[in-house]
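Structure file run-v3.txt; described as compact mmCIF, C-alpha atoms and all ligand atoms.
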```
# COMPACT_ATOMS: atom_id res chain seq x y z
CA MET A 1 -26.24 -9.28 -34.72
CA SER A 2 -24.01 -6.30 -34.11
CA TYR A 3 -22.00 -6.12 -30.91
CA LYS A 4 -21.23 -2.96 -28.96
CA ILE A 5 -17.59 -2.69 -28.02
CA VAL A 6 -16.19 0.07 -25.86
CA ALA A 7 -12.46 0.74 -26.11
CA LEU A 8 -10.66 2.42 -23.24
CA PRO A 9 -7.11 3.01 -24.52
CA GLY A 10 -6.02 4.72 -21.29
CA ASP A 11 -2.49 5.99 -20.72
CA GLY A 12 1.17 5.33 -21.58
CA ILE A 13 1.47 2.52 -24.11
CA GLY A 14 -2.30 1.91 -23.86
CA PRO A 15 -3.30 3.96 -26.93
CA GLU A 16 -0.60 2.47 -29.22
CA ILE A 17 -1.41 -1.14 -28.40
CA MET A 18 -5.14 -0.41 -28.54
CA ASN A 19 -5.13 1.33 -31.93
CA GLY A 20 -3.21 -1.44 -33.64
CA SER A 21 -5.34 -4.10 -31.97
CA LEU A 22 -8.55 -2.40 -33.07
CA ALA A 23 -7.26 -2.44 -36.65
CA ILE A 24 -6.67 -6.19 -36.31
CA LEU A 25 -10.19 -6.60 -34.89
CA GLU A 26 -11.58 -4.75 -37.90
CA HIS A 27 -9.57 -6.93 -40.23
CA LEU A 28 -10.96 -10.06 -38.55
CA SER A 29 -14.51 -8.75 -38.68
CA ASN A 30 -14.21 -8.48 -42.46
CA ALA A 31 -12.62 -11.88 -42.79
CA TYR A 32 -15.08 -13.63 -40.50
CA ASN A 33 -18.16 -11.56 -41.26
CA PHE A 34 -19.18 -10.25 -37.90
CA GLU A 35 -20.25 -6.73 -37.06
CA TYR A 36 -19.69 -4.44 -34.15
CA GLU A 37 -20.09 -0.81 -33.20
CA LEU A 38 -17.10 0.76 -31.55
CA GLU A 39 -16.97 3.63 -29.09
CA THR A 40 -13.77 4.96 -27.57
CA HIS A 41 -13.77 6.70 -24.21
CA ASP A 42 -11.33 8.40 -21.88
CA PHE A 43 -10.36 6.39 -18.84
CA GLY A 44 -7.58 6.70 -16.26
CA GLY A 45 -5.09 9.58 -16.39
CA ILE A 46 -6.36 10.95 -19.68
CA ALA A 47 -9.83 11.17 -18.12
CA ILE A 48 -8.39 13.01 -15.12
CA ASP A 49 -6.93 15.51 -17.61
CA ASN A 50 -10.13 15.89 -19.62
CA TYR A 51 -12.85 15.36 -16.99
CA GLY A 52 -11.16 15.75 -13.62
CA GLU A 53 -11.76 12.11 -12.66
CA PRO A 54 -10.42 8.73 -13.85
CA LEU A 55 -13.84 7.16 -14.48
CA PRO A 56 -16.18 9.84 -15.80
CA PHE A 57 -19.92 9.17 -15.86
CA SER A 58 -20.01 9.10 -19.68
CA THR A 59 -17.30 6.41 -19.76
CA LEU A 60 -19.00 4.24 -17.17
CA ASP A 61 -22.37 4.69 -18.83
CA ALA A 62 -20.98 3.57 -22.20
CA CYS A 63 -19.33 0.56 -20.55
CA LYS A 64 -22.60 -0.47 -18.89
CA LYS A 65 -24.33 -0.50 -22.28
CA ALA A 66 -21.55 -2.42 -24.03
CA ASP A 67 -21.28 -6.13 -24.82
CA ALA A 68 -17.55 -6.03 -24.23
CA ILE A 69 -14.92 -3.60 -23.03
CA LEU A 70 -11.33 -3.50 -24.23
CA LEU A 71 -8.91 -1.75 -21.92
CA GLY A 72 -5.32 -0.74 -22.67
CA ALA A 73 -3.58 0.36 -19.48
CA VAL A 74 -3.81 3.23 -17.03
CA GLY A 75 -1.47 5.30 -14.88
CA GLY A 76 1.79 7.18 -15.09
CA PRO A 77 4.08 9.50 -13.18
CA LYS A 78 2.09 12.53 -14.33
CA TRP A 79 -0.84 11.80 -12.02
CA THR A 80 0.40 12.13 -8.48
CA ASP A 81 -2.62 13.28 -6.47
CA PRO A 82 -3.18 10.38 -4.04
CA ASN A 83 -6.88 11.23 -3.95
CA ASN A 84 -7.33 11.21 -7.70
CA ARG A 85 -5.26 8.47 -9.26
CA PRO A 86 -5.83 6.68 -12.58
CA GLU A 87 -5.76 3.34 -10.74
CA GLN A 88 -8.84 4.40 -8.79
CA GLY A 89 -10.68 4.33 -12.10
CA LEU A 90 -9.68 0.72 -12.51
CA LEU A 91 -10.95 -0.25 -9.08
CA GLY A 92 -14.03 1.89 -9.70
CA ILE A 93 -14.98 0.19 -12.96
CA ARG A 94 -14.43 -3.27 -11.45
CA LYS A 95 -16.74 -2.42 -8.57
CA ALA A 96 -19.35 -0.56 -10.64
CA LEU A 97 -19.67 -3.40 -13.15
CA GLY A 98 -19.38 -6.12 -10.51
CA LEU A 99 -16.36 -7.68 -12.26
CA PHE A 100 -15.63 -10.15 -9.48
CA ALA A 101 -13.86 -12.79 -11.55
CA ASN A 102 -10.55 -12.13 -13.23
CA ILE A 103 -9.18 -14.84 -15.49
CA ARG A 104 -5.46 -14.79 -16.22
CA PRO A 105 -4.11 -17.66 -18.34
CA THR A 106 -0.44 -18.59 -18.51
CA THR A 107 0.67 -20.79 -21.37
CA VAL A 108 4.13 -21.78 -22.47
CA THR A 109 3.60 -22.98 -26.00
CA LYS A 110 5.89 -25.36 -27.85
CA GLY A 111 8.60 -23.32 -29.46
CA THR A 112 8.43 -20.46 -26.97
CA SER A 113 9.81 -22.16 -23.84
CA HIS A 114 13.32 -20.86 -24.61
CA LEU A 115 12.06 -17.32 -23.90
CA SER A 116 11.29 -18.12 -20.28
CA PRO A 117 13.59 -16.77 -17.56
CA ILE A 118 13.23 -20.22 -15.98
CA LYS A 119 15.06 -23.31 -17.23
CA GLU A 120 13.29 -24.68 -20.27
CA GLU A 121 12.80 -28.18 -18.86
CA ARG A 122 10.91 -26.75 -15.92
CA VAL A 123 8.45 -24.64 -17.91
CA VAL A 124 7.67 -26.98 -20.78
CA GLY A 125 4.00 -27.94 -20.67
CA THR A 126 2.97 -25.04 -18.45
CA ASP A 127 -0.68 -24.27 -19.08
CA PHE A 128 -2.73 -22.93 -16.22
CA VAL A 129 -5.36 -20.32 -15.49
CA LEU A 130 -5.28 -18.10 -12.47
CA VAL A 131 -8.73 -17.11 -11.25
CA ARG A 132 -8.41 -13.97 -9.16
CA GLU A 133 -11.22 -12.60 -6.99
CA LEU A 134 -11.41 -8.96 -8.11
CA THR A 135 -13.97 -6.96 -6.14
CA GLY A 136 -13.29 -7.95 -2.53
CA GLY A 137 -10.52 -8.34 0.00
CA ILE A 138 -8.06 -5.70 1.07
CA TYR A 139 -8.53 -3.63 -2.09
CA PHE A 140 -12.02 -2.65 -1.03
CA GLY A 141 -12.36 -3.56 2.68
CA GLU A 142 -13.56 -0.87 5.08
CA PRO A 143 -12.45 0.81 7.23
CA LYS A 144 -9.43 2.30 5.55
CA LYS A 145 -7.32 5.03 7.08
CA LEU A 146 -4.17 6.95 6.24
CA ASN A 147 -2.52 9.72 8.19
CA ASP A 148 1.05 10.65 9.06
CA ASN A 149 1.41 8.21 11.91
CA ASP A 150 -0.78 5.26 11.20
CA ALA A 151 -2.59 3.54 8.40
CA LEU A 152 -5.23 0.87 8.13
CA ASP A 153 -6.43 -1.45 5.36
CA SER A 154 -9.09 -4.07 6.05
CA LEU A 155 -9.04 -7.56 4.58
CA THR A 156 -12.64 -8.69 4.56
CA TYR A 157 -14.39 -11.55 2.74
CA THR A 158 -17.89 -12.95 3.01
CA ARG A 159 -18.94 -16.54 2.36
CA LYS A 160 -21.00 -15.36 -0.59
CA GLU A 161 -18.03 -13.61 -2.23
CA ILE A 162 -15.83 -16.67 -1.84
CA GLU A 163 -18.55 -19.04 -3.02
CA ARG A 164 -19.15 -17.28 -6.31
CA ILE A 165 -15.47 -17.09 -7.26
CA ALA A 166 -15.02 -20.71 -6.15
CA LYS A 167 -17.80 -21.78 -8.52
CA VAL A 168 -16.15 -19.95 -11.42
CA ALA A 169 -12.88 -21.76 -10.67
CA PHE A 170 -14.46 -25.20 -10.18
CA ASP A 171 -16.49 -24.84 -13.39
CA LEU A 172 -13.34 -23.94 -15.26
CA ALA A 173 -11.36 -26.82 -13.72
CA GLN A 174 -14.16 -29.19 -14.74
CA LYS A 175 -13.72 -28.13 -18.36
CA ARG A 176 -9.93 -28.44 -18.15
CA GLN A 177 -7.81 -31.01 -16.28
CA GLN A 178 -10.06 -31.22 -13.16
CA LYS A 179 -7.33 -29.92 -10.89
CA LEU A 180 -7.90 -26.91 -8.68
CA THR A 181 -5.31 -25.28 -6.43
CA SER A 182 -6.75 -22.86 -3.90
CA VAL A 183 -4.25 -20.37 -2.54
CA ASP A 184 -4.57 -18.68 0.86
CA LYS A 185 -2.64 -17.80 4.02
CA GLU A 186 -4.70 -20.01 6.27
CA ASN A 187 -1.93 -20.34 8.88
CA VAL A 188 -2.25 -16.63 9.68
CA LEU A 189 -5.31 -14.85 8.31
CA SER A 190 -8.95 -15.21 9.40
CA SER A 191 -10.16 -14.34 5.91
CA SER A 192 -8.06 -17.24 4.62
CA LYS A 193 -9.51 -19.65 7.17
CA LEU A 194 -12.97 -18.78 5.89
CA TRP A 195 -11.67 -18.99 2.31
CA ARG A 196 -10.41 -22.56 2.83
CA ASN A 197 -13.65 -23.66 4.54
CA VAL A 198 -15.79 -22.29 1.74
CA ILE A 199 -13.61 -23.85 -0.97
CA ASN A 200 -13.99 -27.22 0.77
CA ASP A 201 -17.75 -26.74 1.03
CA VAL A 202 -18.10 -25.86 -2.65
CA ALA A 203 -15.85 -28.82 -3.52
CA GLN A 204 -18.63 -31.17 -2.32
CA SER A 205 -20.57 -30.26 -5.46
CA TYR A 206 -17.60 -31.02 -7.71
CA PRO A 207 -16.50 -34.55 -6.77
CA ASP A 208 -14.68 -34.91 -10.09
CA VAL A 209 -12.33 -32.00 -9.36
CA GLU A 210 -9.21 -32.69 -7.31
CA VAL A 211 -8.63 -29.85 -4.83
CA ASN A 212 -5.33 -28.82 -3.30
CA HIS A 213 -4.71 -26.01 -0.86
CA LEU A 214 -1.45 -24.10 -0.98
CA LEU A 215 -0.23 -21.29 1.21
CA VAL A 216 0.54 -18.24 -0.87
CA ASP A 217 4.26 -18.18 -0.05
CA ALA A 218 4.62 -21.81 -1.05
CA CYS A 219 2.62 -21.19 -4.20
CA ALA A 220 4.97 -18.36 -5.16
CA MET A 221 7.80 -20.86 -4.93
CA HIS A 222 6.03 -23.69 -6.80
CA LEU A 223 5.24 -21.32 -9.66
CA ILE A 224 8.99 -21.00 -10.24
CA THR A 225 10.12 -24.53 -9.49
CA ASN A 226 7.27 -26.49 -11.06
CA PRO A 227 4.75 -24.33 -12.93
CA SER A 228 3.50 -27.18 -15.11
CA GLN A 229 1.83 -28.87 -12.11
CA PHE A 230 -1.00 -26.31 -12.12
CA ASP A 231 -4.30 -26.43 -13.96
CA VAL A 232 -6.59 -23.87 -12.31
CA ILE A 233 -5.48 -21.67 -9.42
CA VAL A 234 -8.06 -19.71 -7.43
CA THR A 235 -7.15 -17.01 -4.98
CA GLU A 236 -8.20 -13.75 -3.36
CA ASN A 237 -7.63 -10.28 -4.76
CA LEU A 238 -4.20 -9.25 -3.46
CA PHE A 239 -2.60 -12.71 -3.67
CA GLY A 240 -3.98 -12.95 -7.21
CA ASP A 241 -2.49 -9.60 -8.13
CA ILE A 242 0.96 -10.71 -7.02
CA LEU A 243 0.87 -14.28 -8.29
CA SER A 244 -0.47 -13.23 -11.69
CA ASP A 245 2.47 -10.89 -12.26
CA GLU A 246 4.78 -13.70 -11.22
CA SER A 247 2.97 -16.12 -13.55
CA SER A 248 2.97 -13.72 -16.43
CA VAL A 249 6.74 -13.71 -16.80
CA ILE A 250 6.97 -17.50 -16.97
CA PRO A 251 6.37 -17.46 -20.76
CA GLY A 252 9.06 -14.81 -21.16
CA SER A 253 7.53 -11.37 -20.80
CA LEU A 254 4.89 -9.55 -18.82
CA GLY A 255 3.87 -8.14 -22.18
CA LEU A 256 2.38 -11.43 -23.31
CA SER A 257 -0.40 -12.04 -20.82
CA PRO A 258 -4.06 -11.27 -21.48
CA SER A 259 -6.92 -11.23 -19.00
CA ALA A 260 -10.69 -11.23 -18.88
CA SER A 261 -12.91 -10.01 -16.07
CA PHE A 262 -16.56 -10.81 -15.73
CA SER A 263 -19.57 -10.25 -13.53
CA GLU A 264 -22.64 -12.37 -12.83
CA GLN A 265 -24.21 -10.84 -15.91
CA GLY A 266 -23.18 -7.86 -17.99
CA PRO A 267 -20.25 -6.86 -20.14
CA ARG A 268 -16.87 -8.48 -19.77
CA LEU A 269 -13.69 -6.49 -19.69
CA TYR A 270 -10.53 -7.60 -21.50
CA GLU A 271 -7.12 -6.15 -20.83
CA PRO A 272 -3.46 -7.13 -20.93
CA ILE A 273 -2.13 -7.65 -17.45
CA HIS A 274 0.85 -5.34 -17.93
CA GLY A 275 0.74 -1.68 -16.93
CA SER A 276 1.01 1.54 -18.92
CA ALA A 277 4.85 1.42 -19.16
CA PRO A 278 5.24 5.22 -19.39
CA ASP A 279 9.02 4.84 -19.87
CA ILE A 280 8.52 3.35 -23.33
CA ALA A 281 5.29 5.11 -24.31
CA ASN A 282 5.09 6.62 -27.81
CA GLN A 283 8.35 4.99 -28.88
CA ASP A 284 6.83 2.16 -30.89
CA LYS A 285 8.46 -0.32 -28.51
CA ALA A 286 5.53 -1.80 -26.58
CA ASN A 287 4.74 -5.48 -26.89
CA PRO A 288 1.23 -5.65 -28.35
CA PHE A 289 0.71 -9.38 -27.84
CA GLY A 290 -0.95 -9.07 -24.39
CA MET A 291 -3.53 -6.70 -25.86
CA LEU A 292 -4.01 -8.83 -28.97
CA LEU A 293 -4.44 -11.99 -26.89
CA SER A 294 -7.02 -10.06 -24.83
CA VAL A 295 -8.84 -9.28 -28.09
CA ALA A 296 -8.74 -13.01 -28.84
CA MET A 297 -10.35 -13.74 -25.46
CA CYS A 298 -12.97 -11.10 -26.24
CA LEU A 299 -13.70 -12.68 -29.63
CA ARG A 300 -14.15 -16.08 -28.04
CA GLU A 301 -16.09 -15.16 -24.91
CA SER A 302 -18.15 -12.07 -25.76
CA LEU A 303 -18.52 -12.22 -29.55
CA ASN A 304 -18.81 -15.99 -29.98
CA GLU A 305 -16.14 -15.88 -32.67
CA GLU A 306 -14.16 -18.93 -31.62
CA THR A 307 -12.61 -19.52 -35.05
CA ALA A 308 -11.39 -15.94 -35.37
CA ALA A 309 -10.00 -16.12 -31.82
CA ASN A 310 -8.11 -19.33 -32.56
CA HIS A 311 -6.79 -17.88 -35.80
CA LEU A 312 -5.46 -14.77 -34.08
CA GLU A 313 -3.83 -16.80 -31.28
CA THR A 314 -2.20 -19.18 -33.75
CA VAL A 315 -0.72 -16.27 -35.70
CA ILE A 316 0.61 -14.64 -32.52
CA TYR A 317 2.31 -17.80 -31.24
CA GLN A 318 3.75 -18.49 -34.68
CA LEU A 319 5.29 -15.00 -34.78
CA ILE A 320 6.79 -15.50 -31.32
CA LYS A 321 8.24 -18.82 -32.44
CA GLU A 322 9.80 -17.13 -35.47
CA GLY A 323 11.33 -14.44 -33.28
CA LYS A 324 9.13 -11.74 -34.74
CA THR A 325 8.78 -10.00 -31.42
CA THR A 326 9.52 -6.80 -29.59
CA ARG A 327 12.70 -6.32 -27.56
CA ASP A 328 11.27 -7.64 -24.30
CA LEU A 329 11.11 -11.04 -26.04
CA ASN A 330 14.59 -10.72 -27.56
CA GLY A 331 13.19 -9.60 -30.90
CA ASN A 332 14.19 -6.63 -33.03
CA TYR A 333 10.85 -5.31 -34.08
CA ASN A 334 8.73 -2.32 -33.26
CA THR A 335 5.11 -2.35 -32.21
CA SER A 336 3.89 -1.19 -35.61
CA GLU A 337 5.96 -3.86 -37.38
CA ILE A 338 4.42 -6.53 -35.16
CA PHE A 339 0.94 -5.33 -36.04
CA ASN A 340 1.87 -5.53 -39.72
CA PHE A 341 3.17 -9.08 -39.28
CA VAL A 342 -0.07 -10.05 -37.58
CA LYS A 343 -2.14 -8.56 -40.38
CA GLU A 344 -0.05 -10.19 -43.12
CA ASN A 345 -0.21 -13.57 -41.43
CA LEU A 346 -3.94 -13.42 -40.89
C1 LIG B 401 -3.72 -5.32 -12.02
C2 LIG B 401 -3.08 -4.04 -11.56
C3 LIG B 401 -4.04 -3.29 -10.68
C4 LIG B 401 -4.38 -4.16 -9.49
C5 LIG B 401 -3.54 -1.90 -10.21
C6 LIG B 401 -3.10 -1.04 -11.37
C7 LIG B 401 -4.56 -1.18 -9.37
O1 LIG B 401 -1.88 -4.31 -10.90
O2 LIG B 401 -4.76 -5.25 -12.71
O3 LIG B 401 -3.21 -6.38 -11.70
O4 LIG B 401 -3.67 -4.14 -8.48
O5 LIG B 401 -5.38 -4.88 -9.56
MG MG B 402 -1.31 -6.36 -10.94
```
Any chance you could put this one into structure tokens?
Amino acid sequence: MSYKIVALPGDGIGPEIMNGSLAILEHLSNAYNFEYELETHDFGGIAIDNYGEPLPFSTLDACKKADAILLGAVGGPKWTDPNNRPEQGLLGIRKALGLFANIRPTTVTKGTSHLSPIKEERVVGTDFVLVRELTGGIYFGEPKKLNDNDALDSLTYTRKEIERIAKVAFDLAQKRQQKLTSVDKENVLSSSKLWRNVINDVAQSYPDVEVNHLLVDACAMHLITNPSQFDVIVTENLFGDILSDESSVIPGSLGLSPSASFSEQGPRLYEPIHGSAPDIANQDKANPFGMLLSVAMCLRESLNEETAANHLETVIYQLIKEGKTTRDLNGNYNTSEIFNFVKENL
């Protein structure tokens, strides 16, 4: 069976981390004997330059026909038109493909805890997954309004939207340590009151999973003071955006964290959680591990290549342990050198 993979390198450091990662994917496909067809498409700022819009029809069409999508990063100071921003492509593709569930793991592996900005003894053993609702909430709620004197964003959620993300999170917790933390702002927001009710309703079907509710401000604090207490965290779109950036630096660098987004059926999208880092683009400085770990997630979840995924992850964590990292992780190496290390060690 041959898989269809669509690569969307995007902007800034996106193309550099994508190209090297695709070479690693090719290397693995030879070693592990699996086949795929690859198409690369413009997305984000580069698509605005070439097509006038961040998510051209041809790009979306290719994504719809794919088994998996690999995304680098989008955005940059070059694209300033508030009505035509690269980020709108990101929201557009999430909505068009129904990618409602965004999975963002945070792991502090043995031997890498010294890289954390938090005291080592606090982060040791940290291993949790943040499940972020990705197609609802204030990102998409209508009405929206912006003029010189007032602005409006709407935070809306339906029971159905909360139920389906809750099920993803409970299913995941069941396979892990059976601990689910639901994060909301139930003391203030109506959408959060509904959120908490629905989580409690869904919990009835998962008696083996222990559920805790945390207010988002408290959760932000617990992530710093005691991150190892978490197993699965589930939260709405905007809280998930913020908490996942916070989580991602616990292992030492935003450049390390991968993510996967999926719909009820259809292709999954894999991307590092960092942005396009235009300040270091084309300087061979970007940390490629977030992209490579996203490729590992893709291998495991969309290509059923669990062994290749494990192999790639093991190599990456070994390199980090040995200090073979980019500058953001206190290393001395360039992006291209890291890719070479990965290849040699595979
Ligand atoms: C992310 C990003 C996006 C988001 C931006 C670029 C629109 O921060 O994927 O976390 O807010 O979802
Ligand atoms: Mg974000």
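Residues in contact range of A:Leu55, defined as at most 12 Å between all atoms listed in the file, with sequence neighbours fewer than 6 positions away removed, read Leu8, Gly10, His41, Asp42, Phe43, Gly44, Gly45, Ile46, Ala47, Ile48, Asp49, Asp61, Ala62, Cys63, Val74, Asn84, Arg85, Pro86, Glu87, Gln88, Gly89, Leu90, Leu91, Gly92, Ile93, Arg94, Lys95 and Ala96 of chain A.
The shortest atom-to-atom distance to ligand LIG 401 (chain B), with all atoms listed in the file taken into account, belongs to A:Ala73 out of A:Ile17, A:Ala73, A:Ala101, A:Leu312.
Going from atom CA of A:Asp231 over to atom CA of A:Arg164, you cover 19.0 Å.
Nearest-residue note for A:Asn340: choosing from A:Pro15, A:Asn304, A:Pro288, A:Lys4, the minimum distance belongs to A:Pro288, counting all atoms listed in the file.
Taking all atoms listed in the file into account, ligand LIG 401 (chain B) lies nearest to A:Ser261 out of the set A:Ser261, A:Gln204, A:Ser190, A:Thr235.
The shortest atom-to-atom distance to ligand LIG 401 (chain B), with all atoms listed in the file taken into account, belongs to A:Leu254 out of A:Leu254, A:Val342, A:Val295, A:Ala68.
Picture a line from atom CA of A:Lys65 to atom CA of A:Glu37; it runs 11.7 Å.
Using all atoms listed in the file, the smallest distance between any of A:Asp217, A:Asp148, A:Glu133, A:Asp328 and A:Trp195 comes from A:Glu133.
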Spatial neighbours of A:Asp67, max dist 9 Å, all atoms listed in the file, sep filter under 3 positions, as a ChimeraX atom specification: /A:3-6,63-64,266-268,302-303
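Listed by chain and then residue number, the contacts of ligand MG 402 (chain B) are Asp241, Ile242, Ser244, Asp245, Ile273, His274 and Gly275 of chain A (distance at most 8 Å, using all atoms listed in the file).
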Go through A:Glu301, A:Glu39, A:Glu16, A:Glu246 one by one, measure the shortest atom-to-atom distance of each to ligand LIG 401 (chain B) using all atoms listed in the file, and give the residue with the smallest value. A:Glu246
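A straight line drawn from atom CA of A:Met1 to atom CA of A:Ala66 is 13.5 Å long.
The neighbours of A:Leu22 here are the residues that come within 10 Å of it, using all atoms listed in the file and leaving out any residue fewer than 5 positions away in the same chain; they are Ala7, Ile17, His27, Leu28, Leu38, Leu70, Met291, Leu292 and Val295 of chain A.
Shell of stretch 167-183 of chain A at 8 Å, with all atoms listed in the file counted and residues fewer than 4 places along the chain excluded, is A:Ala101, A:Val131, A:Glu163, A:Arg196, A:Ile199, A:Val202, A:Ala203, A:Tyr206, A:Asp208, A:Val209, A:Glu210, A:Val211, A:Asn212, A:His213, A:Leu214, A:Leu215, A:Val216, A:Cys219, A:Phe230, A:Asp231, A:Val232, A:Ile233, A:Val234, A:Thr235, A:Glu236, A:Phe239.
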